[in-house]
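Below is one structure, written out as structure tokens; comments come after it.
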Amino acid sequence: MGHKHDDVVDFLQTLTEPSLLVACFDTPKAQRTGSSQRQGLVDSYKRRRRSEQAALAARKASNGMSRSTHPQTAWGGLHPFLQHLQQLGAISVVAQDGWEADDCVGAVCAVLEGVCPSLSVTVASSDGDMQQLLSSQVSWLHVFRMPSLEHPLGVELVTAADFTDQHGFEPGAYADWLAFTGKKDANIGGMGTGASTAAKLLRRYGNIEAIAVAANLGAMAGWSPAVQRLFSQDPAGQELLAQLCKQRKLFTINRSTAVLPQHARAELQSRAEQLGMTKQAVTESNEAALQLPQARIECNTSGSGTGKASTSMHAVKTMPTSGSPASLQAALVWAHPFHVVRWAYVRQEAHRLANYLRQLGATVEVQAVSPQGLAVDILVSSGASLLGLPEGKGSVAVLVAGQADFQASSRFQGAVPGASLAQVKQLAVAAAESSGVVRQLHGYMQQYVRQLKKEGLQVLCIPWWQLLA
């Protein structure tokens, strides 16, 4: 169940109040002149992903959907998203040929930090690589694929101090740590030391060069054999060290402004200067109640056959404060793309079922939020017996399993349209007694069902086709 780029941006707009929005993209494949900078370092870099994209492009070509090289249509399915961003007043930035959208993020951060030192930048992304950009000005808004009990809104704000507290080393050394551990989705293996040992090395020495210096002084005696081999002075060790440094370069985000087109740099500088002047005017007016402008970057790493939307950056004036999940606004909880996408499929059926349950005397809430902050299609606080479930065992979270909730291979198995709402109890009992419905849901939806059960709710999944009448 993919999220539309519009849904992601709209969610982040709802979650925050941006002063500036910047979207960063890979160069569309149709406009590239060669391989990426990172492929030049290590040919295996993202080889699996590239193979999958090539296979997808081949299938499209066989279906008469070949890619156009026209400047406007080269963006393929992302063109409507670009129009949406334009309507929001965003700056769209395309990486110079050979660099990726992640590098755009780093370069935009560098521009904003350089022009306006008082500007607070937030990178919104599901990609942990963004953590190497953390600083006193830059934070990371970790956007999760789906909400959970731990993060009901589906996001977590991470600062540089948070990162250091968790990992024990500075954010700037995150690429060094990835060099040790490798990264599966980039098709890059680790160097054999393990993640924990790599963190300990960086905690003590700071970076790869400092570790190498310590090794030359004989300081590796107490470390594991893998570490000693990696930093030994023999030819094999020197070769391993060279590979380690190459992998760090692979994972390092390029913050050079040369990554950005000249017109994009000029527009960013102008907008940042305007934000800085606004902040100065507020300070001079002693309007302390008005928060200072911030900048946030949103990074959506889902790929496209033509160009990859990977980052939006905007200034954030407010972030939700922590507190009881029950106090979270339902509109904010339901704004997460995970819920927006599936609710579009099941809204009518959910309302139809809720109205029928009300007629039978049940107390129900549609598009509800559970006590711990999770979105529920229908929350039945009394009347569980109407659904064939025991009373007094907790509220019932009814999920209408829509077309987008099932695995592609089993999305319509067992579909029998035309069932009567008068049979809802029998249908619900059958759904409760059989785990077949849940097993056919896609993985993220199954995880969400487990989250609701973990909260202590009785969970009932009813397929959409049983509520069509």
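Each chain in the structure tokens gets a letter, A, B and so on, in the order shown; residues start at 1 in every chain, and ligands are counted from 1 in the order they appear.
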Self-check item: Residues near Asn355 (chain A), cut-off 9 Å, only C-alpha atoms, skip fewer than 5 positions along chain, as a PyMOL selection string
Solution: chain A and resi 350+360+364
Those residues with all heavy atoms, as an mmCIF file, in the first residue's frame please?
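Full text of result-v7.cif as output:
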data_model
loop_
_atom_site.group_PDB
_atom_site.id
_atom_site.type_symbol
_atom_site.label_atom_id
_atom_site.label_comp_id
_atom_site.auth_asym_id
_atom_site.auth_seq_id
_atom_site.Cartn_x
_atom_site.Cartn_y
_atom_site.Cartn_z
ATOM 1 N N ALA A 350 -17.546 1.751 6.451
ATOM 2 C CA ALA A 350 -17.425 1.948 7.896
ATOM 3 C C ALA A 350 -18.622 2.730 8.446
ATOM 4 O O ALA A 350 -19.185 2.378 9.488
ATOM 5 C CB ALA A 350 -16.121 2.676 8.218
ATOM 6 N N LEU A 360 -28.920 -0.801 16.551
ATOM 7 C CA LEU A 360 -29.069 -1.961 17.430
ATOM 8 C C LEU A 360 -28.794 -1.609 18.891
ATOM 9 O O LEU A 360 -28.915 -2.465 19.768
ATOM 10 C CB LEU A 360 -28.124 -3.080 16.979
ATOM 11 C CG LEU A 360 -28.381 -3.666 15.582
ATOM 12 C CD1 LEU A 360 -27.355 -4.736 15.262
ATOM 13 C CD2 LEU A 360 -29.798 -4.226 15.469
ATOM 14 N N VAL A 364 -20.969 3.671 19.494
ATOM 15 C CA VAL A 364 -19.853 3.578 18.553
ATOM 16 C C VAL A 364 -19.356 4.966 18.173
ATOM 17 O O VAL A 364 -20.093 5.958 18.261
ATOM 18 C CB VAL A 364 -20.258 2.808 17.277
ATOM 19 C CG1 VAL A 364 -20.787 1.427 17.614
ATOM 20 C CG2 VAL A 364 -21.277 3.581 16.469
#
Exercise. Enumerate the residues of region 180-270 of chain A with a DSSP assignment of alpha helix (DSSP H), computed from the backbone, and present them as a ChimeraX atom specification.
Key: /A:180-181,195-205,208-216,225-230,235-251,262-270
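The two atoms in question, CA of Val143 (chain A) and CA of Asn207 (chain A), are spaced 28.0 Å apart.
Straight-line separation from CA of Asp6 (chain A) to CA of Phe81 (chain A): 6.2 Å.
One distance worth recording is that between CA of Gln466 (chain A) and CA of Val400 (chain A), which is 9.5 Å.
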Write out as a PDB file with N, CA, C and O atoms, in the first residue's frame all residues of region 92-286 of chain A that backbone DSSP assigns to strand (DSSP E).
ATOM      1  N   SER A  92      11.316  23.618  -5.428  1.00  0.00           N
ATOM      2  CA  SER A  92      11.701  22.268  -5.860  1.00  0.00           C
ATOM      3  C   SER A  92      13.127  22.309  -6.389  1.00  0.00           C
ATOM      4  O   SER A  92      13.450  23.132  -7.256  1.00  0.00           O
ATOM      5  N   VAL A  93      13.978  21.441  -5.859  1.00  0.00           N
ATOM      6  CA  VAL A  93      15.397  21.447  -6.211  1.00  0.00           C
ATOM      7  C   VAL A  93      15.784  20.081  -6.771  1.00  0.00           C
ATOM      8  O   VAL A  93      15.525  19.050  -6.142  1.00  0.00           O
ATOM      9  N   VAL A  94      16.411  20.067  -7.929  1.00  0.00           N
ATOM     10  CA  VAL A  94      16.859  18.835  -8.569  1.00  0.00           C
ATOM     11  C   VAL A  94      18.369  18.736  -8.429  1.00  0.00           C
ATOM     12  O   VAL A  94      19.093  19.685  -8.731  1.00  0.00           O
ATOM     13  N   SER A 120      16.235  27.249  12.328  1.00  0.00           N
ATOM     14  CA  SER A 120      16.248  25.864  12.792  1.00  0.00           C
ATOM     15  C   SER A 120      15.684  24.968  11.703  1.00  0.00           C
ATOM     16  O   SER A 120      14.555  25.138  11.265  1.00  0.00           O
ATOM     17  N   VAL A 121      16.487  24.041  11.229  1.00  0.00           N
ATOM     18  CA  VAL A 121      16.130  23.193  10.095  1.00  0.00           C
ATOM     19  C   VAL A 121      15.753  21.798  10.590  1.00  0.00           C
ATOM     20  O   VAL A 121      16.473  21.220  11.400  1.00  0.00           O
ATOM     21  N   THR A 122      14.650  21.271  10.084  1.00  0.00           N
ATOM     22  CA  THR A 122      14.228  19.920  10.436  1.00  0.00           C
ATOM     23  C   THR A 122      14.131  19.068   9.185  1.00  0.00           C
ATOM     24  O   THR A 122      13.427  19.421   8.249  1.00  0.00           O
ATOM     25  N   VAL A 123      14.845  17.977   9.157  1.00  0.00           N
ATOM     26  CA  VAL A 123      14.826  17.046   8.036  1.00  0.00           C
ATOM     27  C   VAL A 123      13.791  15.970   8.331  1.00  0.00           C
ATOM     28  O   VAL A 123      13.939  15.201   9.272  1.00  0.00           O
ATOM     29  N   ALA A 124      12.739  15.914   7.539  1.00  0.00           N
ATOM     30  CA  ALA A 124      11.683  14.924   7.733  1.00  0.00           C
ATOM     31  C   ALA A 124      11.895  13.794   6.744  1.00  0.00           C
ATOM     32  O   ALA A 124      11.856  13.998   5.535  1.00  0.00           O
ATOM     33  N   SER A 125      12.149  12.595   7.263  1.00  0.00           N
ATOM     34  CA  SER A 125      12.535  11.496   6.394  1.00  0.00           C
ATOM     35  C   SER A 125      12.365  10.164   7.105  1.00  0.00           C
ATOM     36  O   SER A 125      12.386  10.095   8.331  1.00  0.00           O
ATOM     37  N   VAL A 138      20.106  21.740  12.997  1.00  0.00           N
ATOM     38  CA  VAL A 138      19.397  20.738  12.192  1.00  0.00           C
ATOM     39  C   VAL A 138      18.892  19.596  13.067  1.00  0.00           C
ATOM     40  O   VAL A 138      19.660  18.996  13.820  1.00  0.00           O
ATOM     41  N   SER A 139      17.593  19.298  12.953  1.00  0.00           N
ATOM     42  CA  SER A 139      16.978  18.155  13.627  1.00  0.00           C
ATOM     43  C   SER A 139      16.436  17.201  12.566  1.00  0.00           C
ATOM     44  O   SER A 139      16.305  17.566  11.397  1.00  0.00           O
ATOM     45  N   TRP A 140      16.106  15.993  12.993  1.00  0.00           N
ATOM     46  CA  TRP A 140      15.581  14.977  12.081  1.00  0.00           C
ATOM     47  C   TRP A 140      14.192  14.565  12.545  1.00  0.00           C
ATOM     48  O   TRP A 140      14.020  14.115  13.673  1.00  0.00           O
ATOM     49  N   LEU A 141      13.197  14.728  11.678  1.00  0.00           N
ATOM     50  CA  LEU A 141      11.856  14.244  11.956  1.00  0.00           C
ATOM     51  C   LEU A 141      11.730  12.869  11.309  1.00  0.00           C
ATOM     52  O   LEU A 141      11.538  12.757  10.102  1.00  0.00           O
ATOM     53  N   HIS A 142      11.863  11.838  12.120  1.00  0.00           N
ATOM     54  CA  HIS A 142      11.787  10.470  11.619  1.00  0.00           C
ATOM     55  C   HIS A 142      10.334  10.145  11.313  1.00  0.00           C
ATOM     56  O   HIS A 142       9.497  10.083  12.206  1.00  0.00           O
ATOM     57  N   VAL A 143      10.025   9.943  10.043  1.00  0.00           N
ATOM     58  CA  VAL A 143       8.664   9.626   9.614  1.00  0.00           C
ATOM     59  C   VAL A 143       8.551   8.119   9.435  1.00  0.00           C
ATOM     60  O   VAL A 143       9.212   7.540   8.571  1.00  0.00           O
ATOM     61  N   VAL A 155       5.624   9.724  13.879  1.00  0.00           N
ATOM     62  CA  VAL A 155       6.840  10.519  13.719  1.00  0.00           C
ATOM     63  C   VAL A 155       7.580  10.611  15.049  1.00  0.00           C
ATOM     64  O   VAL A 155       6.995  10.411  16.116  1.00  0.00           O
ATOM     65  N   GLU A 156       8.868  10.909  14.963  1.00  0.00           N
ATOM     66  CA  GLU A 156       9.684  11.153  16.154  1.00  0.00           C
ATOM     67  C   GLU A 156      10.712  12.222  15.821  1.00  0.00           C
ATOM     68  O   GLU A 156      11.427  12.105  14.817  1.00  0.00           O
ATOM     69  N   LEU A 157      10.799  13.256  16.635  1.00  0.00           N
ATOM     70  CA  LEU A 157      11.763  14.320  16.414  1.00  0.00           C
ATOM     71  C   LEU A 157      13.063  13.991  17.150  1.00  0.00           C
ATOM     72  O   LEU A 157      13.064  13.749  18.348  1.00  0.00           O
ATOM     73  N   VAL A 158      14.169  13.955  16.406  1.00  0.00           N
ATOM     74  CA  VAL A 158      15.481  13.595  16.956  1.00  0.00           C
ATOM     75  C   VAL A 158      16.433  14.779  16.804  1.00  0.00           C
ATOM     76  O   VAL A 158      16.612  15.303  15.696  1.00  0.00           O
TER      77      VAL A 158
END
Exercise. Tell me which of A:Val398, A:Pro390, A:Thr193, A:Arg342 sits closest to Ala354 (chain A), counting only C-alpha atoms.
Key: A:Val398
Exercise. For each of A:Leu457, A:Leu386, A:Pro463, A:Trp223, take the minimum atom-to-atom distance to Ala401 (chain A), counting only C-alpha atoms, then give the residue where this is smallest.
Key: A:Pro463
Self-check item: Counting only C-alpha atoms, the residue of A:Leu244, A:Ala210, A:Val227, A:Leu399 that sits nearest Ile188 (chain A)
Solution: A:Leu244
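Across A:Cys116, A:Val105, A:Ala335, A:Val8, the tightest approach to Leu85 (chain A) is made by A:Val8 when counting only C-alpha atoms.
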